[in-house]
>>> print(open('entry14.tsv').read())   # TSV, C-alpha atoms
chain	number	residue	atom	x	y	z
A	1	MET	CA	29.82	-22.51	18.85
A	2	ALA	CA	31.75	-22.61	15.58
A	3	ILE	CA	28.57	-23.51	13.67
A	4	LEU	CA	26.70	-20.62	15.32
A	5	TYR	CA	29.52	-18.21	14.46
A	6	LEU	CA	29.49	-19.41	10.84
A	7	PHE	CA	25.71	-19.01	10.64
A	8	LEU	CA	25.83	-15.49	12.08
A	9	SER	CA	28.64	-14.51	9.71
A	10	ILE	CA	26.70	-15.74	6.68
A	11	PHE	CA	23.50	-14.10	7.94
A	12	TRP	CA	25.21	-10.75	8.53
A	13	THR	CA	26.89	-10.86	5.11
A	14	VAL	CA	23.59	-11.60	3.34
A	15	PHE	CA	21.86	-8.86	5.35
A	16	LEU	CA	24.47	-6.30	4.33
A	17	VAL	CA	24.25	-7.34	0.66
A	18	ILE	CA	20.47	-6.87	0.76
A	19	GLU	CA	20.93	-3.46	2.37
A	20	VAL	CA	23.24	-2.45	-0.48
A	21	ILE	CA	20.57	-3.60	-2.96
A	22	ILE	CA	18.00	-1.51	-1.05
A	23	CYS	CA	20.21	1.58	-1.21
A	24	ILE	CA	20.61	1.14	-4.96
A	25	GLY	CA	16.99	0.20	-5.63
A	26	ALA	CA	15.67	3.28	-3.81
A	27	PHE	CA	16.88	5.43	-6.72
A	28	THR	CA	14.19	3.78	-8.88
A	29	ALA	CA	11.53	4.93	-6.42
A	30	VAL	CA	12.85	8.49	-6.66
A	31	PHE	CA	12.61	8.37	-10.46
A	32	GLN	CA	9.04	7.02	-10.30
A	33	GLU	CA	7.89	9.64	-7.80
A	34	ARG	CA	9.59	12.44	-9.75
A	35	LYS	CA	7.51	11.58	-12.83
A	36	ILE	CA	4.28	12.20	-10.88
A	37	TRP	CA	5.39	15.71	-9.92
A	38	LEU	CA	6.43	16.68	-13.44
A	39	ASN	CA	2.82	17.69	-14.14
A	40	PRO	CA	2.84	21.45	-14.91
A	41	ASN	CA	0.04	22.04	-12.39
A	42	LEU	CA	2.14	20.61	-9.56
A	43	PRO	CA	5.36	21.82	-7.93
A	44	SER	CA	8.31	19.86	-9.29
A	45	LEU	CA	10.26	17.58	-6.99
A	46	LYS	CA	13.38	19.48	-5.94
A	47	PRO	CA	16.70	17.63	-5.59
A	48	PHE	CA	16.89	18.94	-2.02
A	49	PRO	CA	15.05	18.23	0.12
A	50	GLY	CA	12.45	16.53	-2.13
A	51	MET	CA	14.39	13.77	-3.88
A	52	ILE	CA	16.57	13.18	-0.82
A	53	LYS	CA	13.45	12.62	1.32
A	54	VAL	CA	11.93	10.22	-1.23
A	55	TYR	CA	15.20	8.28	-1.29
A	56	LEU	CA	15.58	8.12	2.51
A	57	LEU	CA	11.92	7.21	2.98
A	58	ASN	CA	12.28	4.21	0.67
A	59	VAL	CA	15.56	3.07	2.22
A	60	PHE	CA	14.03	3.28	5.71
A	61	TRP	CA	10.77	1.60	4.69
A	62	MET	CA	12.43	-1.33	2.90
A	63	SER	CA	15.01	-1.77	5.67
A	64	CYS	CA	12.33	-1.66	8.35
A	65	CYS	CA	10.30	-4.26	6.45
A	66	LEU	CA	13.39	-6.43	5.99
A	67	VAL	CA	13.95	-6.56	9.75
A	68	GLY	CA	10.21	-7.17	10.18
A	69	ALA	CA	10.28	-10.08	7.73
A	70	ILE	CA	13.14	-11.68	9.67
A	71	LEU	CA	11.24	-11.23	12.95
A	72	THR	CA	8.11	-12.75	11.38
A	73	ILE	CA	10.06	-15.82	10.28
A	74	LEU	CA	11.62	-16.14	13.75
A	75	GLU	CA	8.16	-15.87	15.32
A	76	ALA	CA	6.90	-18.63	13.01
A	77	ILE	CA	9.86	-20.84	13.95
A	78	ILE	CA	9.36	-20.31	17.69
A	79	THR	CA	5.59	-20.92	17.57
A	80	PHE	CA	5.71	-23.66	14.90
A	81	GLN	CA	3.00	-21.73	13.00
A	82	TRP	CA	4.16	-21.77	9.37
A	83	SER	CA	0.97	-21.10	7.42
A	84	LEU	CA	0.45	-17.67	5.85
A	85	GLN	CA	-2.77	-17.31	7.84
A	86	ASN	CA	-0.65	-17.34	10.99
A	87	THR	CA	2.30	-15.27	9.79
A	88	ARG	CA	-0.18	-12.69	8.47
A	89	ASN	CA	-1.18	-11.44	11.92
A	90	PHE	CA	2.37	-10.50	12.88
A	91	ALA	CA	3.57	-9.39	9.43
A	92	HIS	CA	0.54	-7.26	8.53
A	93	ILE	CA	-0.56	-5.79	11.84
A	94	GLN	CA	2.75	-5.50	13.67
A	95	VAL	CA	5.31	-5.05	10.89
A	96	GLU	CA	3.51	-3.38	7.97
A	97	ARG	CA	1.40	-1.06	10.09
A	98	ARG	CA	4.21	0.05	12.37
A	99	CYS	CA	6.74	0.49	9.55
A	100	ALA	CA	4.27	2.58	7.54
A	101	GLN	CA	3.32	4.78	10.48
A	102	TRP	CA	6.93	5.32	11.53
A	103	THR	CA	7.83	6.18	7.93
A	104	THR	CA	5.20	8.91	7.60
A	105	LYS	CA	6.08	10.38	10.99
A	106	LEU	CA	9.78	10.52	10.10
A	107	PHE	CA	9.66	11.78	6.51
A	108	VAL	CA	6.21	13.14	5.59
A	109	GLY	CA	4.47	14.64	8.61
A	110	PRO	CA	1.24	14.12	10.53
A	111	VAL	CA	-1.63	12.10	9.09
A	112	LEU	CA	-5.13	13.22	10.08
A	113	VAL	CA	-8.07	10.82	9.76
A	114	GLN	CA	-11.48	12.42	9.30
A	115	GLY	CA	-14.77	10.52	9.35
A	116	THR	CA	-13.59	7.78	11.71
A	117	GLU	CA	-17.25	7.15	12.57
A	118	ASN	CA	-17.58	5.70	9.04
A	119	LEU	CA	-14.84	3.12	9.57
A	120	PRO	CA	-16.02	-0.49	9.90
A	121	PRO	CA	-14.71	-2.30	13.01
A	122	ASP	CA	-11.34	-4.03	12.76
A	123	GLU	CA	-13.20	-7.35	12.68
A	124	PRO	CA	-16.07	-6.36	10.37
A	125	GLY	CA	-17.74	-9.77	10.02
A	126	LYS	CA	-18.64	-11.59	6.82
A	127	PRO	CA	-18.69	-10.47	4.09
A	128	ALA	CA	-16.00	-7.91	4.84
A	129	PRO	CA	-16.07	-4.45	3.21
A	130	VAL	CA	-13.98	-3.34	0.25
A	131	TYR	CA	-11.89	-0.21	0.77
A	132	ILE	CA	-11.25	2.05	-2.23
A	133	ALA	CA	-9.12	5.21	-2.47
A	134	ASN	CA	-7.50	7.58	-4.93
A	135	HIS	CA	-3.82	6.92	-5.65
A	136	ASP	CA	-1.66	10.03	-6.01
A	137	SER	CA	1.78	9.20	-4.61
A	138	GLN	CA	3.76	6.48	-2.89
A	139	ILE	CA	2.89	8.36	0.30
A	140	ASP	CA	-0.62	6.86	-0.02
A	141	LEU	CA	0.69	3.36	0.67
A	142	ALA	CA	2.04	4.40	4.06
A	143	ALA	CA	-0.61	6.96	5.03
A	144	VAL	CA	-3.59	4.56	4.84
A	145	TYR	CA	-2.11	2.44	7.65
A	146	HIS	CA	-3.13	5.27	9.98
A	147	LEU	CA	-6.68	3.95	9.56
A	148	ASN	CA	-5.55	1.17	11.93
A	149	ARG	CA	-7.54	-1.47	10.12
A	150	GLN	CA	-6.51	-4.76	8.51
A	151	TRP	CA	-6.95	-5.67	4.85
A	152	ARG	CA	-5.33	-7.39	1.91
A	153	TRP	CA	-3.75	-5.48	-0.96
A	154	ILE	CA	-3.80	-6.27	-4.66
A	155	SER	CA	-0.23	-5.94	-5.90
A	156	LYS	CA	1.71	-6.78	-9.04
A	157	SER	CA	3.74	-9.96	-8.67
A	158	GLN	CA	7.07	-8.17	-9.25
A	159	VAL	CA	6.69	-6.50	-5.83
A	160	MET	CA	7.55	-9.85	-4.20
A	161	PHE	CA	11.15	-9.28	-5.29
A	162	LEU	CA	11.46	-5.89	-3.55
A	163	PRO	CA	13.85	-6.37	-0.61
A	164	GLY	CA	11.98	-6.30	2.67
A	165	VAL	CA	8.66	-5.01	1.35
A	166	GLY	CA	8.03	-7.97	-0.93
A	167	GLN	CA	8.80	-10.56	1.72
A	168	VAL	CA	6.58	-8.89	4.33
A	169	MET	CA	3.74	-8.64	1.80
A	170	TYR	CA	4.11	-12.34	1.02
A	171	LEU	CA	4.10	-13.22	4.73
A	172	SER	CA	1.03	-10.98	5.13
A	173	ASP	CA	-0.75	-13.11	2.51
A	174	HIS	CA	-1.65	-10.29	0.14
A	175	VAL	CA	-2.90	-10.96	-3.39
A	176	PHE	CA	-0.34	-10.87	-6.22
A	177	ILE	CA	-1.22	-10.61	-9.90
A	178	ASP	CA	0.64	-10.20	-13.20
A	179	ARG	CA	-0.26	-6.80	-14.63
A	180	VAL	CA	1.31	-7.77	-17.96
A	181	LYS	CA	0.17	-11.05	-19.52
A	182	LYS	CA	3.11	-13.45	-19.57
A	183	LYS	CA	3.72	-16.11	-22.20
A	184	HIS	CA	3.24	-19.73	-21.15
A	185	LYS	CA	1.37	-18.64	-18.03
A	186	SER	CA	-2.24	-19.66	-17.38
A	187	LYS	CA	-4.88	-17.23	-16.17
A	188	ASP	CA	-5.50	-19.74	-13.40
A	189	SER	CA	-1.91	-19.61	-12.09
A	190	SER	CA	-1.23	-18.27	-8.60
A	191	THR	CA	-0.58	-14.81	-10.08
A	192	GLY	CA	-2.95	-15.05	-13.04
A	193	ALA	CA	-5.68	-12.49	-13.70
A	194	ARG	CA	-8.39	-14.80	-12.39
A	195	ASN	CA	-6.51	-15.03	-9.09
A	196	LEU	CA	-7.50	-11.43	-8.32
A	197	TYR	CA	-11.17	-12.37	-8.04
A	198	ILE	CA	-10.69	-15.81	-6.48
A	199	LYS	CA	-8.39	-14.59	-3.70
A	200	SER	CA	-10.32	-11.35	-3.16
A	201	ASN	CA	-13.60	-13.22	-2.82
A	202	GLU	CA	-12.04	-15.71	-0.41
A	203	SER	CA	-10.63	-12.87	1.69
A	204	VAL	CA	-13.90	-10.94	1.87
A	205	GLN	CA	-15.90	-14.08	2.66
A	206	SER	CA	-13.46	-14.96	5.45
A	207	GLY	CA	-13.95	-11.55	7.07
A	208	VAL	CA	-10.77	-9.80	5.87
A	209	PRO	CA	-11.40	-6.63	3.81
A	210	MET	CA	-9.73	-5.90	0.47
A	211	PHE	CA	-8.12	-2.55	-0.30
A	212	PHE	CA	-8.05	-1.29	-3.90
A	213	PHE	CA	-6.74	1.77	-5.67
A	214	PRO	CA	-9.25	1.62	-8.55
A	215	GLN	CA	-7.17	3.95	-10.74
A	216	GLY	CA	-4.66	1.14	-11.04
A	217	THR	CA	-1.62	3.44	-11.01
A	218	ARG	CA	-0.39	6.62	-9.34
A	219	ARG	CA	-1.47	9.98	-10.77
A	220	MET	CA	-1.78	13.28	-8.93
A	221	GLY	CA	-2.33	15.71	-11.79
A	222	GLU	CA	-4.83	13.44	-13.55
A	223	ARG	CA	-8.09	11.76	-12.61
A	224	LEU	CA	-7.89	8.37	-14.26
A	225	PRO	CA	-11.08	6.36	-14.77
A	226	PHE	CA	-11.71	3.69	-12.15
A	227	LYS	CA	-11.21	0.07	-13.20
A	228	ASP	CA	-13.82	-2.61	-12.54
A	229	GLY	CA	-11.96	-4.96	-10.17
A	230	ALA	CA	-12.90	-3.52	-6.76
A	231	PHE	CA	-16.52	-3.02	-7.74
A	232	LYS	CA	-16.93	-6.53	-9.16
A	233	VAL	CA	-15.54	-8.00	-5.93
A	234	ALA	CA	-17.90	-5.89	-3.83
A	235	LYS	CA	-20.90	-6.78	-6.04
A	236	GLU	CA	-20.17	-10.52	-6.09
A	237	ASN	CA	-19.98	-10.64	-2.31
A	238	ASP	CA	-22.67	-8.06	-1.44
A	239	SER	CA	-19.97	-6.12	0.39
A	240	VAL	CA	-20.18	-2.42	1.12
A	241	LEU	CA	-17.62	-0.08	-0.44
A	242	VAL	CA	-15.73	2.19	1.95
A	243	PRO	CA	-14.45	5.21	-0.02
A	244	VAL	CA	-11.36	6.98	1.33
A	245	SER	CA	-10.06	10.30	0.00
A	246	ILE	CA	-6.31	10.83	0.38
A	247	LYS	CA	-5.18	14.45	0.24
A	248	ILE	CA	-1.42	14.81	-0.17
A	249	PRO	CA	-0.20	18.36	0.54
A	250	LEU	CA	1.76	19.94	-2.30
A	251	THR	CA	4.56	20.63	0.20
A	252	ALA	CA	4.84	16.97	1.23
A	253	TRP	CA	8.30	16.39	-0.27
A	254	ASN	CA	9.77	19.87	-0.65
A	255	SER	CA	9.19	21.04	2.93
A	256	MET	CA	12.04	20.95	5.46
A	257	TYR	CA	10.10	18.55	7.71
A	258	PRO	CA	11.06	17.09	10.21
A	259	PHE	CA	13.00	20.29	11.02
A	260	THR	CA	9.93	22.47	10.41
A	261	LYS	CA	6.19	21.97	10.77
A	262	ALA	CA	4.54	20.04	7.92
A	263	ASP	CA	1.08	20.26	6.39
A	264	PRO	CA	-0.82	17.08	7.24
A	265	VAL	CA	-1.85	14.29	4.93
A	266	ILE	CA	-5.63	14.09	5.31
A	267	LEU	CA	-7.57	10.83	5.04
A	268	THR	CA	-11.32	11.33	4.74
A	269	VAL	CA	-13.39	8.19	5.34
A	270	HIS	CA	-16.81	8.52	3.70
A	271	LYS	CA	-20.05	6.74	4.51
A	272	PRO	CA	-20.07	3.18	3.14
A	273	ILE	CA	-21.76	2.68	-0.23
A	274	GLU	CA	-24.25	-0.16	-0.53
A	275	THR	CA	-23.75	-2.30	-3.64
A	276	LYS	CA	-27.10	-4.09	-3.77
A	277	GLY	CA	-29.32	-2.98	-6.65
A	278	LYS	CA	-26.51	-1.11	-8.42
A	279	ASP	CA	-24.40	-2.17	-11.37
A	280	VAL	CA	-20.63	-1.76	-11.64
A	281	GLU	CA	-20.82	1.43	-13.73
A	282	GLN	CA	-23.14	3.07	-11.20
A	283	LEU	CA	-20.82	2.14	-8.35
A	284	LYS	CA	-17.77	3.45	-10.18
A	285	LYS	CA	-19.47	6.78	-10.90
A	286	GLU	CA	-20.78	7.20	-7.36
A	287	SER	CA	-17.46	6.23	-5.76
A	288	CYS	CA	-15.48	8.55	-8.02
A	289	GLU	CA	-17.74	11.49	-7.18
A	290	VAL	CA	-17.57	10.80	-3.44
A	291	ILE	CA	-13.78	10.40	-3.32
A	292	TYR	CA	-12.91	13.43	-5.45
A	293	ARG	CA	-15.56	15.70	-3.95
A	294	VAL	CA	-13.26	16.71	-1.08
A	295	LEU	CA	-10.00	16.80	-3.07
A	296	PRO	CA	-8.45	19.68	-5.02
A	297	ASP	CA	-8.68	19.30	-8.79
A	298	TYR	CA	-5.15	19.53	-10.16
A	299	THR	CA	-6.35	18.78	-13.68
A	300	LYS	CA	-7.44	22.41	-13.94
A	301	LYS	CA	-4.80	24.97	-14.81
A	302	SER	CA	-4.15	27.40	-12.00
>>> encode(input="entry14.tsv", output="structure tokens")
Amino acid sequence: MAILYLFLSIFWTVFLVIEVIICIGAFTAVFQERKIWLNPNLPSLKPFPGMIKVYLLNVFWMSCCLVGAILTILEAIITFQWSLQNTRNFAHIQVERRCAQWTTKLFVGPVLVQGTENLPPDEPGKPAPVYIANHDSQIDLAAVYHLNRQWRWISKSQVMFLPGVGQVMYLSDHVFIDRVKKKHKSKDSSTGARNLYIKSNESVQSGVPMFFFPQGTRRMGERLPFKDGAFKVAKENDSVLVPVSIKIPLTAWNSMYPFTKADPVILTVHKPIETKGKDVEQLKKESCEVIYRVLPDYTKKS
């Protein structure tokens, strides 16, 4: 009993320390999101309710993922299934999906999915498709889980150190890469540049789709050129591309939701794009046109 009490005391202390780190770290997310909305063609992020909602969303999301990571580890202990292939099912489908959907419902508003007839089945066969979408805001990361499909993300390796989120992503067996080349680190390392293609190809060939934001970074007031990664993976595996347009309402942060009605985030799933007989540049051009065709152009001055 004394050993159990000691263990619980240490566990609770560590949990509270991590929660304090989450509450402090969420300010960074507010700063990052604020920069997106500084574009003169967009409404600026107001301190209230905008910045407060961004802060609370991140605290809730990281805390929810932290609890989910603990539950995933407990599930692995109980079932004696320690491999990432086994922890992935619980961490990705149960924890990530539920946390993301709860987060949008609590802080952003409804998410409408259009074009569901274009969605591949949850077990799409081999090779699996490659999902691609525009990347405007951190809202995107939560909203796409309303597609109710499984996939693997490409994420920078630093995300693994985010409390809660990083641990769940690791347990979900996503693909981590170093966005900045590090000294004394080989391209063939577990987070090296070559890992992006190796792990992505393995995932697609095993029947698990990949999800890319081809812009590479978040921009709402700009339309950045698409990078090659997603299209090379699709070409190498003869996978279809599934373009998704994510429309974030301009009132997403500054509305008084959940106390008032909110404009919905709209996900439009387009018809899959065949990759056979097309080169990477053709696929990038076609995908860009399809995704942005249904989205407002904030690059034009109003």
>>> residues_around(input="entry14.tsv", residues="Ser83 of chain A", least_positions_apart="4", cutoff="10 Å", atoms="only C-alpha atoms", output="ChimeraX atom specification")
/A:76,87-88,171,173
>>> write_last_selection(input="entry14.tsv", atoms="C-alpha atoms", output="PDB file, in the coordinates of the input")
ATOM      1  CA  ALA A  76       6.900 -18.630  13.010  1.00  0.00           C
ATOM      2  CA  THR A  87       2.300 -15.270   9.790  1.00  0.00           C
ATOM      3  CA  ARG A  88      -0.180 -12.690   8.470  1.00  0.00           C
ATOM      4  CA  LEU A 171       4.100 -13.220   4.730  1.00  0.00           C
ATOM      5  CA  ASP A 173      -0.750 -13.110   2.510  1.00  0.00           C
TER       6      ASP A 173
END
>>> residues_near_point(input="entry14.tsv", point="(5.4, 16.2, 8.7)", cutoff="9 Å", atoms="all atoms listed in the file", output="PyMOL selection string")
chain A and resi 104-111+252+255-265
>>> atom_distance(input="entry14.tsv", atom1="atom CA of Lys271 of chain A", atom2="atom CA of Val130 of chain A")
12.5 Å
>>> closest_residue(input="entry14.tsv", among="A:Trp102, A:Pro296, A:Gln32, A:Met62", to="Phe161 of chain A", atoms="all atoms listed in the file")
A:Met62
>>> residues_near_point(input="entry14.tsv", point="(-17.0, 4.7, -2.7)", cutoff="6 Å", atoms="all atoms listed in the file", output="list in words")
Leu241, Val242, Pro243, Ile273 and Ser287 of chain A
>>> atom_distance(input="entry14.tsv", atom1="atom CA of Thr251 of chain A", atom2="atom CA of Leu119 of chain A")
27.8 Å
>>> atom_distance(input="entry14.tsv", atom1="atom CA of Glu236 of chain A", atom2="atom CA of Phe176 of chain A")
19.8 Å
>>> residues_around(input="entry14.tsv", residues="Phe226 of chain A", least_positions_apart="2", cutoff="7 Å", atoms="all atoms listed in the file", output="compact mmCIF listing (two decimals) with C-alpha atoms, in the coordinates of the input")
# COMPACT_ATOMS: atom_id res chain seq x y z
CA PRO A 214 -9.25 1.62 -8.55
CA GLN A 215 -7.17 3.95 -10.74
CA LEU A 224 -7.89 8.37 -14.26
CA ASP A 228 -13.82 -2.61 -12.54
CA LYS A 284 -17.77 3.45 -10.18
>>> closest_residue(input="entry14.tsv", among="A:Val168, A:Leu42, A:Ile154, A:Met160", to="Ile198 of chain A", atoms="all atoms listed in the file")
A:Ile154
>>> closest_residue(input="entry14.tsv", among="A:Ile132, A:Leu56, A:Ile73, A:Ala234", to="Lys278 of chain A", atoms="all atoms listed in the file")
A:Ala234
>>> closest_residue(input="entry14.tsv", among="A:Gly164, A:Pro272, A:Pro127, A:Gly50", to="Val244 of chain A", atoms="only C-alpha atoms")
A:Pro272
>>> residues_around(input="entry14.tsv", residues="Cys99 of chain A", least_positions_apart="2", cutoff="9 Å", atoms="only C-alpha atoms", output="list of chain:residue names")
A:Phe60, A:Trp61, A:Met62, A:Cys64, A:Cys65, A:Gly68, A:Gln94, A:Val95, A:Glu96, A:Arg97, A:Gln101, A:Trp102, A:Thr103, A:Thr104, A:Ala142
>>> residues_around(input="entry14.tsv", residues="Arg34 of chain A", least_positions_apart="4", cutoff="12 Å", atoms="all atoms listed in the file", output="ChimeraX atom specification")
/A:27-30,38-39,42-47,50-55,137-138,218-220,253-254
>>> closest_residue(input="entry14.tsv", among="A:Ile266, A:Leu162, A:Ala128, A:Ile248", to="Gly207 of chain A", atoms="all atoms listed in the file")
A:Ala128
>>> closest_residue(input="entry14.tsv", among="A:Asn58, A:Leu84, A:Val144, A:His270", to="Glu19 of chain A", atoms="all atoms listed in the file")
A:Asn58
>>> decode(input="entry14.tsv", residues="segment 12-42 of chain A", atoms="N, CA and C atoms", output="PDB file, in the first residue's frame")
ATOM      1  N   TRP A  12       1.031  11.937  -9.726  1.00  0.00           N
ATOM      2  CA  TRP A  12       0.206  13.143  -9.663  1.00  0.00           C
ATOM      3  C   TRP A  12       1.064  14.406  -9.712  1.00  0.00           C
ATOM      4  N   THR A  13       2.216  14.372  -9.058  1.00  0.00           N
ATOM      5  CA  THR A  13       3.123  15.522  -9.078  1.00  0.00           C
ATOM      6  C   THR A  13       3.645  15.785 -10.488  1.00  0.00           C
ATOM      7  N   VAL A  14       4.069  14.717 -11.162  1.00  0.00           N
ATOM      8  CA  VAL A  14       4.570  14.842 -12.536  1.00  0.00           C
ATOM      9  C   VAL A  14       3.465  15.344 -13.458  1.00  0.00           C
ATOM     10  N   PHE A  15       2.252  14.805 -13.275  1.00  0.00           N
ATOM     11  CA  PHE A  15       1.119  15.226 -14.101  1.00  0.00           C
ATOM     12  C   PHE A  15       0.854  16.719 -13.942  1.00  0.00           C
ATOM     13  N   LEU A  16       0.873  17.197 -12.711  1.00  0.00           N
ATOM     14  CA  LEU A  16       0.623  18.620 -12.462  1.00  0.00           C
ATOM     15  C   LEU A  16       1.728  19.497 -13.045  1.00  0.00           C
ATOM     16  N   VAL A  17       2.971  19.035 -12.962  1.00  0.00           N
ATOM     17  CA  VAL A  17       4.087  19.794 -13.544  1.00  0.00           C
ATOM     18  C   VAL A  17       3.904  19.914 -15.053  1.00  0.00           C
ATOM     19  N   ILE A  18       3.513  18.804 -15.688  1.00  0.00           N
ATOM     20  CA  ILE A  18       3.294  18.827 -17.146  1.00  0.00           C
ATOM     21  C   ILE A  18       2.142  19.762 -17.494  1.00  0.00           C
ATOM     22  N   GLU A  19       1.098  19.776 -16.661  1.00  0.00           N
ATOM     23  CA  GLU A  19      -0.024  20.677 -16.912  1.00  0.00           C
ATOM     24  C   GLU A  19       0.410  22.144 -16.818  1.00  0.00           C
ATOM     25  N   VAL A  20       1.297  22.435 -15.890  1.00  0.00           N
ATOM     26  CA  VAL A  20       1.835  23.803 -15.789  1.00  0.00           C
ATOM     27  C   VAL A  20       2.611  24.157 -17.059  1.00  0.00           C
ATOM     28  N   ILE A  21       3.410  23.204 -17.550  1.00  0.00           N
ATOM     29  CA  ILE A  21       4.168  23.416 -18.791  1.00  0.00           C
ATOM     30  C   ILE A  21       3.207  23.647 -19.957  1.00  0.00           C
ATOM     31  N   ILE A  22       2.108  22.898 -19.989  1.00  0.00           N
ATOM     32  CA  ILE A  22       1.094  23.079 -21.041  1.00  0.00           C
ATOM     33  C   ILE A  22       0.504  24.484 -20.982  1.00  0.00           C
ATOM     34  N   CYS A  23       0.162  24.928 -19.788  1.00  0.00           N
ATOM     35  CA  CYS A  23      -0.443  26.260 -19.628  1.00  0.00           C
ATOM     36  C   CYS A  23       0.517  27.369 -20.053  1.00  0.00           C
ATOM     37  N   ILE A  24       1.802  27.158 -19.838  1.00  0.00           N
ATOM     38  CA  ILE A  24       2.792  28.146 -20.271  1.00  0.00           C
ATOM     39  C   ILE A  24       3.038  28.052 -21.775  1.00  0.00           C
ATOM     40  N   GLY A  25       3.177  26.815 -22.260  1.00  0.00           N
ATOM     41  CA  GLY A  25       3.477  26.599 -23.672  1.00  0.00           C
ATOM     42  C   GLY A  25       2.373  27.056 -24.607  1.00  0.00           C
ATOM     43  N   ALA A  26       1.130  27.076 -24.125  1.00  0.00           N
ATOM     44  CA  ALA A  26       0.002  27.477 -24.975  1.00  0.00           C
ATOM     45  C   ALA A  26       0.113  28.924 -25.438  1.00  0.00           C
ATOM     46  N   PHE A  27       0.872  29.745 -24.690  1.00  0.00           N
ATOM     47  CA  PHE A  27       1.073  31.137 -25.118  1.00  0.00           C
ATOM     48  C   PHE A  27       1.828  31.200 -26.447  1.00  0.00           C
ATOM     49  N   THR A  28       2.732  30.242 -26.677  1.00  0.00           N
ATOM     50  CA  THR A  28       3.461  30.191 -27.945  1.00  0.00           C
ATOM     51  C   THR A  28       2.504  29.959 -29.105  1.00  0.00           C
ATOM     52  N   ALA A  29       1.525  29.074 -28.899  1.00  0.00           N
ATOM     53  CA  ALA A  29       0.535  28.795 -29.940  1.00  0.00           C
ATOM     54  C   ALA A  29      -0.288  30.036 -30.271  1.00  0.00           C
ATOM     55  N   VAL A  30      -0.592  30.826 -29.252  1.00  0.00           N
ATOM     56  CA  VAL A  30      -1.332  32.082 -29.472  1.00  0.00           C
ATOM     57  C   VAL A  30      -0.508  33.028 -30.337  1.00  0.00           C
ATOM     58  N   PHE A  31       0.770  33.153 -30.023  1.00  0.00           N
ATOM     59  CA  PHE A  31       1.662  34.028 -30.791  1.00  0.00           C
ATOM     60  C   PHE A  31       1.748  33.565 -32.250  1.00  0.00           C
ATOM     61  N   GLN A  32       1.866  32.251 -32.459  1.00  0.00           N
ATOM     62  CA  GLN A  32       1.970  31.715 -33.820  1.00  0.00           C
ATOM     63  C   GLN A  32       0.691  31.950 -34.608  1.00  0.00           C
ATOM     64  N   GLU A  33      -0.455  31.735 -33.976  1.00  0.00           N
ATOM     65  CA  GLU A  33      -1.734  31.928 -34.673  1.00  0.00           C
ATOM     66  C   GLU A  33      -1.979  33.418 -34.949  1.00  0.00           C
ATOM     67  N   ARG A  34      -1.567  34.259 -34.027  1.00  0.00           N
ATOM     68  CA  ARG A  34      -1.754  35.710 -34.208  1.00  0.00           C
ATOM     69  C   ARG A  34      -1.030  36.198 -35.453  1.00  0.00           C
ATOM     70  N   LYS A  35       0.151  35.645 -35.727  1.00  0.00           N
ATOM     71  CA  LYS A  35       0.929  36.075 -36.888  1.00  0.00           C
ATOM     72  C   LYS A  35       0.176  35.816 -38.190  1.00  0.00           C
ATOM     73  N   ILE A  36      -0.573  34.716 -38.250  1.00  0.00           N
ATOM     74  CA  ILE A  36      -1.341  34.380 -39.458  1.00  0.00           C
ATOM     75  C   ILE A  36      -2.386  35.439 -39.740  1.00  0.00           C
ATOM     76  N   TRP A  37      -3.020  35.945 -38.682  1.00  0.00           N
ATOM     77  CA  TRP A  37      -4.131  36.882 -38.831  1.00  0.00           C
ATOM     78  C   TRP A  37      -3.683  38.338 -38.877  1.00  0.00           C
ATOM     79  N   LEU A  38      -2.384  38.562 -38.933  1.00  0.00           N
ATOM     80  CA  LEU A  38      -1.874  39.932 -39.085  1.00  0.00           C
ATOM     81  C   LEU A  38      -1.959  40.415 -40.535  1.00  0.00           C
ATOM     82  N   ASN A  39      -2.230  39.499 -41.459  1.00  0.00           N
ATOM     83  CA  ASN A  39      -2.375  39.877 -42.863  1.00  0.00           C
ATOM     84  C   ASN A  39      -3.438  40.972 -42.991  1.00  0.00           C
ATOM     85  N   PRO A  40      -3.149  42.044 -43.725  1.00  0.00           N
ATOM     86  CA  PRO A  40      -4.101  43.172 -43.809  1.00  0.00           C
ATOM     87  C   PRO A  40      -5.436  42.801 -44.447  1.00  0.00           C
ATOM     88  N   ASN A  41      -5.492  41.692 -45.185  1.00  0.00           N
ATOM     89  CA  ASN A  41      -6.747  41.277 -45.802  1.00  0.00           C
ATOM     90  C   ASN A  41      -7.590  40.380 -44.898  1.00  0.00           C
ATOM     91  N   LEU A  42      -7.095  40.152 -43.677  1.00  0.00           N
ATOM     92  CA  LEU A  42      -7.814  39.320 -42.719  1.00  0.00           C
ATOM     93  C   LEU A  42      -8.133  40.122 -41.468  1.00  0.00           C
TER      94      LEU A  42
END
